[in-house]
Structure formats: structure tokens, C-alpha cells
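Peer 1: Just one file: data_9.txt, with compact mmCIF, C-alpha atoms and all ligand atoms.
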# COMPACT_ATOMS: atom_id res chain seq x y z
CA MET A 1 -1.27 17.44 14.02
CA LEU A 2 -0.22 14.14 12.48
CA LYS A 3 2.24 14.34 9.59
CA LEU A 4 2.68 11.70 6.91
CA TYR A 5 5.74 11.42 4.70
CA SER A 6 4.25 10.04 1.52
CA TYR A 7 4.57 9.76 -2.23
CA TYR A 8 1.35 9.72 -4.20
CA ARG A 9 1.97 6.45 -6.09
CA SER A 10 3.57 4.64 -3.16
CA THR A 11 1.24 1.79 -2.33
CA ALA A 12 2.56 1.52 1.24
CA SER A 13 1.78 5.23 1.75
CA TYR A 14 -1.63 4.74 0.12
CA ARG A 15 -2.48 2.15 2.82
CA VAL A 16 -1.76 4.61 5.60
CA ARG A 17 -3.69 7.39 3.86
CA ILE A 18 -6.74 5.11 3.68
CA ALA A 19 -6.47 4.31 7.41
CA LEU A 20 -6.13 8.01 8.29
CA GLU A 21 -9.16 8.85 6.14
CA LEU A 22 -11.26 6.00 7.58
CA LYS A 23 -10.51 7.24 11.07
CA LYS A 24 -11.13 10.84 9.93
CA LEU A 25 -7.77 11.97 11.30
CA PRO A 26 -6.52 15.22 9.77
CA TYR A 27 -2.85 15.17 8.80
CA ILE A 28 -0.16 17.17 7.05
CA TYR A 29 0.90 15.58 3.75
CA GLN A 30 4.65 15.77 3.26
CA SER A 31 5.73 14.61 -0.17
CA VAL A 32 9.03 12.81 -0.61
CA SER A 33 9.25 13.85 -4.21
CA LYS A 34 12.72 12.41 -4.91
CA LEU A 35 11.08 9.03 -5.21
CA ARG A 36 9.41 10.26 -8.37
CA LYS A 37 12.75 10.69 -10.09
CA GLY A 38 13.82 7.20 -9.07
CA GLU A 39 16.47 8.58 -6.77
CA PRO A 40 17.18 6.00 -4.10
CA GLU A 41 18.88 8.56 -1.91
CA PHE A 42 16.26 10.54 -0.14
CA THR A 43 17.61 13.66 1.53
CA ALA A 44 20.04 13.13 4.39
CA GLU A 45 17.49 14.85 6.60
CA TYR A 46 14.85 12.25 5.69
CA GLY A 47 17.37 9.48 6.37
CA GLU A 48 17.54 10.73 9.96
CA ILE A 49 13.77 10.35 10.23
CA ASN A 50 13.53 7.00 8.45
CA PRO A 51 16.83 5.08 8.28
CA GLN A 52 15.34 2.76 5.65
CA LYS A 53 14.78 5.78 3.39
CA MET A 54 11.35 4.56 2.41
CA VAL A 55 7.85 5.95 2.67
CA PRO A 56 5.61 6.07 4.60
CA THR A 57 6.69 7.61 7.88
CA LEU A 58 4.16 8.91 10.38
CA ILE A 59 4.95 11.66 12.86
CA ASP A 60 2.66 12.04 15.86
CA GLY A 61 4.17 14.68 18.14
CA ASP A 62 7.58 13.31 19.10
CA VAL A 63 6.64 9.80 17.94
CA VAL A 64 8.12 8.61 14.63
CA ILE A 65 6.78 5.38 13.13
CA THR A 66 7.78 3.65 9.92
CA GLN A 67 6.36 0.53 8.23
CA SER A 68 2.77 0.85 7.03
CA LEU A 69 1.38 -2.04 9.08
CA ALA A 70 3.02 -0.76 12.28
CA ILE A 71 1.63 2.72 11.56
CA ILE A 72 -1.87 1.40 10.92
CA GLU A 73 -1.84 -0.77 14.05
CA TYR A 74 -0.59 2.25 16.05
CA LEU A 75 -3.48 4.33 14.70
CA GLU A 76 -5.85 1.48 15.54
CA GLU A 77 -4.71 1.37 19.16
CA ARG A 78 -4.48 5.11 19.62
CA TYR A 79 -7.59 6.20 17.71
CA GLN A 80 -9.98 3.31 18.09
CA LYS A 81 -13.02 4.28 16.03
CA PRO A 82 -13.89 3.03 13.51
CA ALA A 83 -12.09 -0.26 14.18
CA LEU A 84 -9.95 -1.52 11.33
CA LEU A 85 -9.51 -4.95 12.90
CA PRO A 86 -12.33 -7.34 13.86
CA ILE A 87 -12.80 -8.22 17.54
CA ASP A 88 -12.68 -11.99 17.16
CA ALA A 89 -9.12 -13.42 17.33
CA VAL A 90 -9.58 -15.74 14.36
CA ALA A 91 -11.07 -12.95 12.26
CA ARG A 92 -8.24 -10.61 13.27
CA ALA A 93 -5.73 -13.21 12.16
CA TYR A 94 -7.61 -13.59 8.85
CA THR A 95 -7.44 -9.86 8.09
CA ARG A 96 -3.76 -9.70 9.10
CA GLN A 97 -3.11 -12.75 6.94
CA ILE A 98 -4.41 -10.87 3.89
CA ALA A 99 -2.47 -7.72 4.79
CA LEU A 100 0.76 -9.69 5.18
CA LEU A 101 0.22 -11.80 2.06
CA ILE A 102 0.22 -8.54 0.14
CA GLY A 103 2.62 -6.49 2.23
CA CYS A 104 5.30 -9.16 2.67
CA ASP A 105 4.96 -11.50 -0.27
CA ILE A 106 3.83 -9.34 -3.23
CA HIS A 107 4.72 -5.69 -2.68
CA PRO A 108 8.44 -5.89 -1.76
CA LEU A 109 9.27 -7.67 -5.01
CA ASN A 110 8.36 -4.64 -7.07
CA ILE A 111 9.49 -1.57 -5.16
CA MET A 112 11.76 1.00 -6.74
CA ARG A 113 15.05 -0.28 -5.26
CA VAL A 114 14.27 -3.82 -6.41
CA ARG A 115 13.38 -2.68 -9.95
CA LYS A 116 16.54 -0.60 -10.07
CA TYR A 117 18.65 -3.56 -8.95
CA LEU A 118 17.00 -5.79 -11.55
CA THR A 119 18.08 -3.22 -14.13
CA LEU A 120 21.62 -2.91 -12.79
CA PRO A 121 23.55 -4.99 -11.89
CA ILE A 122 21.24 -7.85 -12.94
CA GLY A 123 20.68 -6.44 -16.43
CA LEU A 124 16.97 -7.10 -17.03
CA ASN A 125 15.17 -4.97 -19.60
CA HIS A 126 11.74 -3.39 -19.17
CA VAL A 127 9.82 -6.43 -20.47
CA GLU A 128 11.79 -8.83 -18.26
CA LYS A 129 11.17 -6.65 -15.22
CA THR A 130 7.47 -6.55 -16.02
CA ASN A 131 7.43 -10.35 -16.34
CA TRP A 132 9.14 -10.60 -12.96
CA TYR A 133 6.50 -8.44 -11.32
CA HIS A 134 3.59 -10.16 -13.07
CA TYR A 135 4.88 -13.56 -12.00
CA TRP A 136 5.02 -12.67 -8.31
CA LEU A 137 1.78 -10.76 -8.48
CA GLY A 138 0.12 -13.84 -9.97
CA GLU A 139 1.47 -16.08 -7.22
CA GLY A 140 0.08 -13.77 -4.55
CA LEU A 141 -3.24 -12.90 -6.16
CA ASN A 142 -4.01 -16.56 -7.00
CA ALA A 143 -3.63 -17.41 -3.32
CA LEU A 144 -5.61 -14.36 -2.20
CA GLU A 145 -8.48 -15.13 -4.57
CA LYS A 146 -8.73 -18.69 -3.18
CA LEU A 147 -8.51 -17.42 0.36
CA LEU A 148 -11.43 -15.04 -0.23
CA VAL A 149 -13.56 -17.69 -2.00
CA ASN A 150 -13.08 -20.16 0.85
CA SER A 151 -13.44 -17.72 3.73
CA LYS A 152 -16.47 -17.77 6.00
CA PHE A 153 -15.59 -14.19 6.97
CA ARG A 154 -15.93 -12.71 3.51
CA GLY A 155 -18.73 -10.18 3.07
CA ASP A 156 -18.95 -7.25 0.68
CA PHE A 157 -15.46 -6.43 1.93
CA CYS A 158 -12.67 -8.92 2.71
CA TYR A 159 -14.18 -9.25 6.16
CA GLY A 160 -17.91 -8.56 6.63
CA ASN A 161 -19.43 -5.34 5.43
CA GLU A 162 -17.00 -2.71 6.68
CA PRO A 163 -13.42 -2.06 5.57
CA THR A 164 -10.57 -3.57 7.59
CA ILE A 165 -6.80 -3.70 7.21
CA ALA A 166 -7.31 -6.45 4.64
CA ASP A 167 -9.06 -4.02 2.26
CA ILE A 168 -6.54 -1.30 3.14
CA PHE A 169 -3.80 -3.54 1.74
CA LEU A 170 -5.83 -5.00 -1.14
CA VAL A 171 -6.80 -1.73 -2.81
CA PRO A 172 -3.32 -0.21 -3.32
CA GLN A 173 -1.98 -3.52 -4.62
CA VAL A 174 -4.77 -3.80 -7.21
CA TYR A 175 -4.17 -0.16 -8.14
CA ASN A 176 -0.50 -1.03 -8.67
CA ALA A 177 -1.36 -4.16 -10.67
CA GLU A 178 -3.48 -2.02 -13.02
CA ARG A 179 -0.67 0.52 -13.29
CA PHE A 180 1.66 -2.26 -14.42
CA GLU A 181 -0.98 -3.66 -16.81
CA TYR A 182 -1.50 -6.97 -15.07
CA PRO A 183 -4.74 -8.67 -16.30
CA LEU A 184 -7.17 -9.07 -13.41
CA GLU A 185 -9.98 -11.10 -15.04
CA ALA A 186 -8.93 -14.24 -13.14
CA TYR A 187 -9.64 -12.54 -9.81
CA PRO A 188 -13.38 -11.69 -9.74
CA ASN A 189 -13.59 -11.75 -5.94
CA ILE A 190 -10.58 -9.51 -5.44
CA TYR A 191 -11.80 -7.14 -8.13
CA LYS A 192 -15.34 -6.94 -6.75
CA ILE A 193 -14.01 -5.88 -3.36
CA TYR A 194 -11.67 -3.39 -5.04
CA GLU A 195 -14.53 -1.84 -7.03
CA LEU A 196 -16.63 -1.47 -3.89
CA CYS A 197 -13.78 0.03 -1.86
CA VAL A 198 -12.76 2.63 -4.40
CA LYS A 199 -16.25 4.16 -4.17
CA HIS A 200 -15.95 4.56 -0.39
CA PRO A 201 -15.24 8.24 0.51
CA ALA A 202 -12.16 7.40 2.61
CA PHE A 203 -10.63 5.36 -0.19
CA VAL A 204 -11.49 8.10 -2.69
CA ALA A 205 -9.74 10.76 -0.59
CA ALA A 206 -6.64 8.56 -0.29
CA GLN A 207 -6.32 7.71 -3.98
CA PRO A 208 -2.99 8.57 -5.62
CA ASP A 209 -4.28 10.97 -8.25
CA LEU A 210 -5.84 13.24 -5.63
CA GLN A 211 -2.64 13.73 -3.60
CA PRO A 212 -0.82 17.08 -3.64
CA ASP A 213 2.27 15.65 -5.37
CA ALA A 214 0.27 13.93 -8.14
CA SER A 215 0.48 17.12 -10.18
CA GLU A 216 4.29 16.70 -10.34
CA TYR A 217 3.75 13.60 -12.42
CA HIS A 218 5.49 13.31 -15.75
CA PRO A 219 4.59 10.55 -18.27
CA ASP A 220 8.25 9.46 -18.44
CA ASP A 221 8.43 8.74 -14.70
CA GLU A 222 8.91 5.05 -14.07
CA TYR A 223 8.52 5.25 -10.32
N1 LIG A 301 7.34 -2.60 4.29
C1 LIG A 301 7.32 -1.19 4.05
C2 LIG A 301 7.53 -0.93 2.58
C3 LIG A 301 7.75 0.52 2.27
C4 LIG A 301 8.12 0.71 0.80
O1 LIG A 301 8.49 -0.24 0.11
N2 LIG A 301 7.96 1.93 0.31
C5 LIG A 301 8.35 2.20 -1.05
C6 LIG A 301 7.24 2.96 -1.75
S1 LIG A 301 5.77 1.98 -1.85
C7 LIG A 301 9.62 3.04 -1.05
O2 LIG A 301 9.79 3.91 -0.23
N3 LIG A 301 10.50 2.75 -2.01
C8 LIG A 301 11.76 3.41 -2.14
C9 LIG A 301 12.80 2.48 -2.66
O3 LIG A 301 12.45 1.38 -3.11
O4 LIG A 301 13.97 2.86 -2.61
C10 LIG A 301 5.96 -0.62 4.51
O5 LIG A 301 4.99 -1.36 4.51
O6 LIG A 301 5.91 0.56 4.89
What would you get if you wrote out this structure as C-alpha cells?
Peer 2:
Amino acid sequence: MLKLYSYYRSTASYRVRIALELKKLPYIYQSVSKLRKGEPEFTAEYGEINPQKMVPTLIDGDVVITQSLAIIEYLEERYQKPALLPIDAVARAYTRQIALLIGCDIHPLNIMRVRKYLTLPIGLNHVEKTNWYHYWLGEGLNALEKLLVNSKFRGDFCYGNEPTIADIFLVPQVYNAERFEYPLEAYPNIYKIYELCVKHPAFVAAQPDLQPDASEYHPDDEY
């Protein structure tokens, strides 16, 4: 059976969980709970599995894959139905464009190791770190909102009327924006898609609060 190294609030893990649920693939959930305590050093054993010491990591037999987009594209090629990418080349590029806008240009600026580095050695306080995140989130979401408004591909979801990788990346990022109290009123198109997705059974099953390690949560946890 597939095994996913995950952490419930990790947005990159959340993406993979959504893809697994959409494709109705059963999997073993393996929590990397050290992330919760803000400990950058995952176990040495985990470092052997994923040298970047990040989540997610997918195990499929003797295959080990890291990086959420690589995992999702692997699942797409290996387990084809339902398709998470459109058939048309231009439409595929459009959905990847949204995934990468979020995955490359928003998300990495706010992960635990970046927030820790902003604290020390840079010396930013909590408010300054929040401003940092909000600034980069705004840059990305402004562009995404425009992209959706101008797209001929846009339907109820980012592309047409079924979820694709674009929605798989959009939902965890909006979840994270809400967690960090970023106002979303300026993004009605993004938010409408988010609201639709979070009612979809696969997105519901993948949501952070329903994961096995969510119960370990403590209100003081920053990560
Ligand atoms: N580009 C990677 C990003 C993975 C990533 O940033 N994971 C975060 C959790 S969302 C993590 O493991 N953070 C640990 C750290 O920052 O040290 C992917 O898409 O899988």
C-alpha cells in the first residue's frame, strides 16, 4: 500500500492528500510529528528517506518520491483516473502555471525553516514575520486572481468543472492564508473556487483537522 509521510498542517502534504483522495487511492498516513515542535531536524532515519528533511514523501513499494508536484504527477501517470490534468496542452500548461505560481512563488517564502531563519539570525519579531508572509502572499494572490478572471478555461473550478492540480494547490494555500489571518476579500474568484472545493468529499477527507496527527495540536504551536 502507498505510504505518505505527512504533517497535518503542511500545505505541501495537504496537496498530495487531496490527489490521493481524488484518485481514491488508500494509503498509510505516517506523521512526521517533529515538525509540530518546530524542530528542523527530522529523525536521522527520515533524513535517509528524504534528504531535504521536508514533507511530503510518498512511498510506493520500493519507489520513494519527494516534492508534492512530482508526487502528484507520478500519481497522475501511474493511476490515471480521474485525470488531474486536462488533455489539451495549453490547458495543461494553464493548470501547471497556477500550481507553480503557488508552489514556487508563494509557499516557499513561509515554510518553517524560512520563518525560523527570519527569527534568527535575521531578528524579525512575530509581527514583522507576519508582514513578510502577507506581502508575498499578496503578490501571488493578486496575480492569481487576475489570471483566473482573464482565463477562458475557468469554470466552477480553476479549470472547467472538475478539480485539477490547480485547485489542489489553491486550496491548501488559501487554508494557510486564513491560518495566518490574511484578508481574502480582494480575491472573490479565488475564494469562490476555494469554497466550492472544500465541500468536495476528497478535499474534505484531506483537510488538516481530520488527519490523525491533528489531535496532537497545541495552541502554542507556531508550526
Ligand atoms: N517544494 C516542496 C516543499 C515542501 C515543504 O516546504 N514542506 C514543508 C511543510 S509544508 C516542510 O517540510 N517544512 C519543514 C521545514 O521548513 O524545515 C514540495 O512541494 O513538496
Peer 1: Contacts between ligand LIG 301 (chain A) and chain A, please, where a residue of chain A counts if it comes within 7 Å (with only C-alpha atoms and all ligand atoms); show its shortest atom pair and distance in Å to one decimal, rows by chain and ascending number, as JSON lines.
Peer 2:
{"residue": "A:Ser10", "atom": "CA", "partner": "A:LIG301", "partner_atom": "S1", "distance": 3.7}
{"residue": "A:Thr11", "atom": "CA", "partner": "A:LIG301", "partner_atom": "S1", "distance": 4.6}
{"residue": "A:Ala12", "atom": "CA", "partner": "A:LIG301", "partner_atom": "S1", "distance": 4.5}
{"residue": "A:Ser13", "atom": "CA", "partner": "A:LIG301", "partner_atom": "S1", "distance": 6.3}
{"residue": "A:Leu35", "atom": "CA", "partner": "A:LIG301", "partner_atom": "C8", "distance": 6.4}
{"residue": "A:Pro40", "atom": "CA", "partner": "A:LIG301", "partner_atom": "O4", "distance": 4.7}
{"residue": "A:Lys53", "atom": "CA", "partner": "A:LIG301", "partner_atom": "O2", "distance": 6.4}
{"residue": "A:Met54", "atom": "CA", "partner": "A:LIG301", "partner_atom": "O2", "distance": 3.1}
{"residue": "A:Val55", "atom": "CA", "partner": "A:LIG301", "partner_atom": "O2", "distance": 4.0}
{"residue": "A:Pro56", "atom": "CA", "partner": "A:LIG301", "partner_atom": "O6", "distance": 5.5}
{"residue": "A:Thr66", "atom": "CA", "partner": "A:LIG301", "partner_atom": "O6", "distance": 6.2}
{"residue": "A:Gln67", "atom": "CA", "partner": "A:LIG301", "partner_atom": "O6", "distance": 3.4}
{"residue": "A:Ser68", "atom": "CA", "partner": "A:LIG301", "partner_atom": "O6", "distance": 3.8}
{"residue": "A:Leu69", "atom": "CA", "partner": "A:LIG301", "partner_atom": "O5", "distance": 5.9}
{"residue": "A:Gly103", "atom": "CA", "partner": "A:LIG301", "partner_atom": "O5", "distance": 6.1}
{"residue": "A:Pro108", "atom": "CA", "partner": "A:LIG301", "partner_atom": "O1", "distance": 6.0}
{"residue": "A:Ile111", "atom": "CA", "partner": "A:LIG301", "partner_atom": "O3", "distance": 4.7}
{"residue": "A:Met112", "atom": "CA", "partner": "A:LIG301", "partner_atom": "O3", "distance": 3.7}
{"residue": "A:Arg113", "atom": "CA", "partner": "A:LIG301", "partner_atom": "O3", "distance": 3.8}
{"residue": "A:Val114", "atom": "CA", "partner": "A:LIG301", "partner_atom": "O3", "distance": 6.4}
Peer 1: Can you tell me which residues surround Tyr79 of chain A at a distance of at most 10 Å, considering only C-alpha atoms, apart from same-chain residues fewer than 2 positions away, and format the answer as an MDAnalysis selection string?
Peer 2: chainID A and resid 20 23:25 73:77 81:83
Peer 1: Up to 12 Å from (-2.8, -13.1, 2.5) in the file's coordinates: name the residues, counting only C-alpha atoms, as number ranges by chain.
Peer 2: A: 93-107, 139-148, 151, 158, 165-167, 169-170, 173, 190
Peer 1: Quick one: write out the picked residues with C-alpha atoms as an mmCIF file, in the coordinates of the input?
Peer 2:
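Listing of again-v4.cif after writing:
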data_model
loop_
_atom_site.group_PDB
_atom_site.id
_atom_site.type_symbol
_atom_site.label_atom_id
_atom_site.label_comp_id
_atom_site.auth_asym_id
_atom_site.auth_seq_id
_atom_site.Cartn_x
_atom_site.Cartn_y
_atom_site.Cartn_z
ATOM 1 C CA ALA A 93 -5.730 -13.210 12.160
ATOM 2 C CA TYR A 94 -7.610 -13.590 8.850
ATOM 3 C CA THR A 95 -7.440 -9.860 8.090
ATOM 4 C CA ARG A 96 -3.760 -9.700 9.100
ATOM 5 C CA GLN A 97 -3.110 -12.750 6.940
ATOM 6 C CA ILE A 98 -4.410 -10.870 3.890
ATOM 7 C CA ALA A 99 -2.470 -7.720 4.790
ATOM 8 C CA LEU A 100 0.760 -9.690 5.180
ATOM 9 C CA LEU A 101 0.220 -11.800 2.060
ATOM 10 C CA ILE A 102 0.220 -8.540 0.140
ATOM 11 C CA GLY A 103 2.620 -6.490 2.230
ATOM 12 C CA CYS A 104 5.300 -9.160 2.670
ATOM 13 C CA ASP A 105 4.960 -11.500 -0.270
ATOM 14 C CA ILE A 106 3.830 -9.340 -3.230
ATOM 15 C CA HIS A 107 4.720 -5.690 -2.680
ATOM 16 C CA GLU A 139 1.470 -16.080 -7.220
ATOM 17 C CA GLY A 140 0.080 -13.770 -4.550
ATOM 18 C CA LEU A 141 -3.240 -12.900 -6.160
ATOM 19 C CA ASN A 142 -4.010 -16.560 -7.000
ATOM 20 C CA ALA A 143 -3.630 -17.410 -3.320
ATOM 21 C CA LEU A 144 -5.610 -14.360 -2.200
ATOM 22 C CA GLU A 145 -8.480 -15.130 -4.570
ATOM 23 C CA LYS A 146 -8.730 -18.690 -3.180
ATOM 24 C CA LEU A 147 -8.510 -17.420 0.360
ATOM 25 C CA LEU A 148 -11.430 -15.040 -0.230
ATOM 26 C CA SER A 151 -13.440 -17.720 3.730
ATOM 27 C CA CYS A 158 -12.670 -8.920 2.710
ATOM 28 C CA ILE A 165 -6.800 -3.700 7.210
ATOM 29 C CA ALA A 166 -7.310 -6.450 4.640
ATOM 30 C CA ASP A 167 -9.060 -4.020 2.260
ATOM 31 C CA PHE A 169 -3.800 -3.540 1.740
ATOM 32 C CA LEU A 170 -5.830 -5.000 -1.140
ATOM 33 C CA GLN A 173 -1.980 -3.520 -4.620
ATOM 34 C CA ILE A 190 -10.580 -9.510 -5.440
#
Peer 1: Measuring between all atoms listed in the file, which one of A:Pro183, A:Pro51, A:Gly61, A:Pro86 shows the shortest distance to His134 of chain A?
Peer 2: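 Of A:Pro183, A:Pro51, A:Gly61, A:Pro86, the one nearest His134 of chain A, counting all atoms listed in the file, is A:Pro183.
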Peer 1: How many Å lie between atom CA of Arg9 of chain A and atom CA of Lys116 of chain A, rounded to one decimal?
Peer 2: 16.7 Å
Peer 1: Using only C-alpha atoms, which of the listed residues (A:Tyr5, A:Phe203, A:Phe157, A:Trp132) sits closest to Tyr191 of chain A?
Peer 2: A:Phe157
Peer 1: Pick from A:Arg154, A:Glu181, A:Leu4, A:Asp213: nearest to Ala91 of chain A, with all atoms listed in the file counted?
Peer 2: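 Under the stated criterion, the closest residue is A:Arg154.
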Peer 1: In Å, how far is it from atom CA of Tyr182 of chain A to atom CA of Glu195 of chain A?
Peer 2: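 Computed distance, atom CA of Tyr182 of chain A to atom CA of Glu195 of chain A, equals 16.1 Å.
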Peer 1: Atom CA of Asn161 of chain A to atom CA of Tyr7 of chain A: how many Å, to one decimal?
Peer 2: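 Here the two named atoms are 29.4 Å from each other.
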Peer 1: Pick out the closest residue to Ile72 of chain A from this set: A:Ile49, A:Leu85, A:Leu118, A:Leu210. Count all atoms listed in the file.
Peer 2: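 The answer is A:Leu85, which sits nearest to Ile72 of chain A.
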Peer 1: Just checking: using all atoms listed in the file, which residue out of A:Thr43, A:Gln80, A:Ser6, A:Ser31 ends up closest to Thr57 of chain A?
Peer 2: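 Of A:Thr43, A:Gln80, A:Ser6, A:Ser31, the one nearest Thr57 of chain A is A:Ser6, counting all atoms listed in the file.
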Peer 1: List every protein, DNA or RNA residue with an atom no more than 10 Å from (-8.8, 7.3, 6.1) in the file's coordinates, counting only C-alpha atoms, and format the result as a list in words.
Peer 2: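 All residues meeting the 10 Å criterion around (-8.8, 7.3, 6.1) are Tyr14, Arg15, Val16, Arg17, Ile18, Ala19, Leu20, Glu21, Leu22, Lys23, Lys24, Leu25, Pro26, Pro82, Ile168, Pro201, Ala202, Phe203, Val204, Ala205 and Ala206 of chain A.
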Peer 1: Of the candidates A:Arg92, A:Lys192, A:Arg115, A:Lys199, which shows the shortest atom-to-atom distance to Gly155 of chain A, using only C-alpha atoms?
Peer 2: A:Lys192
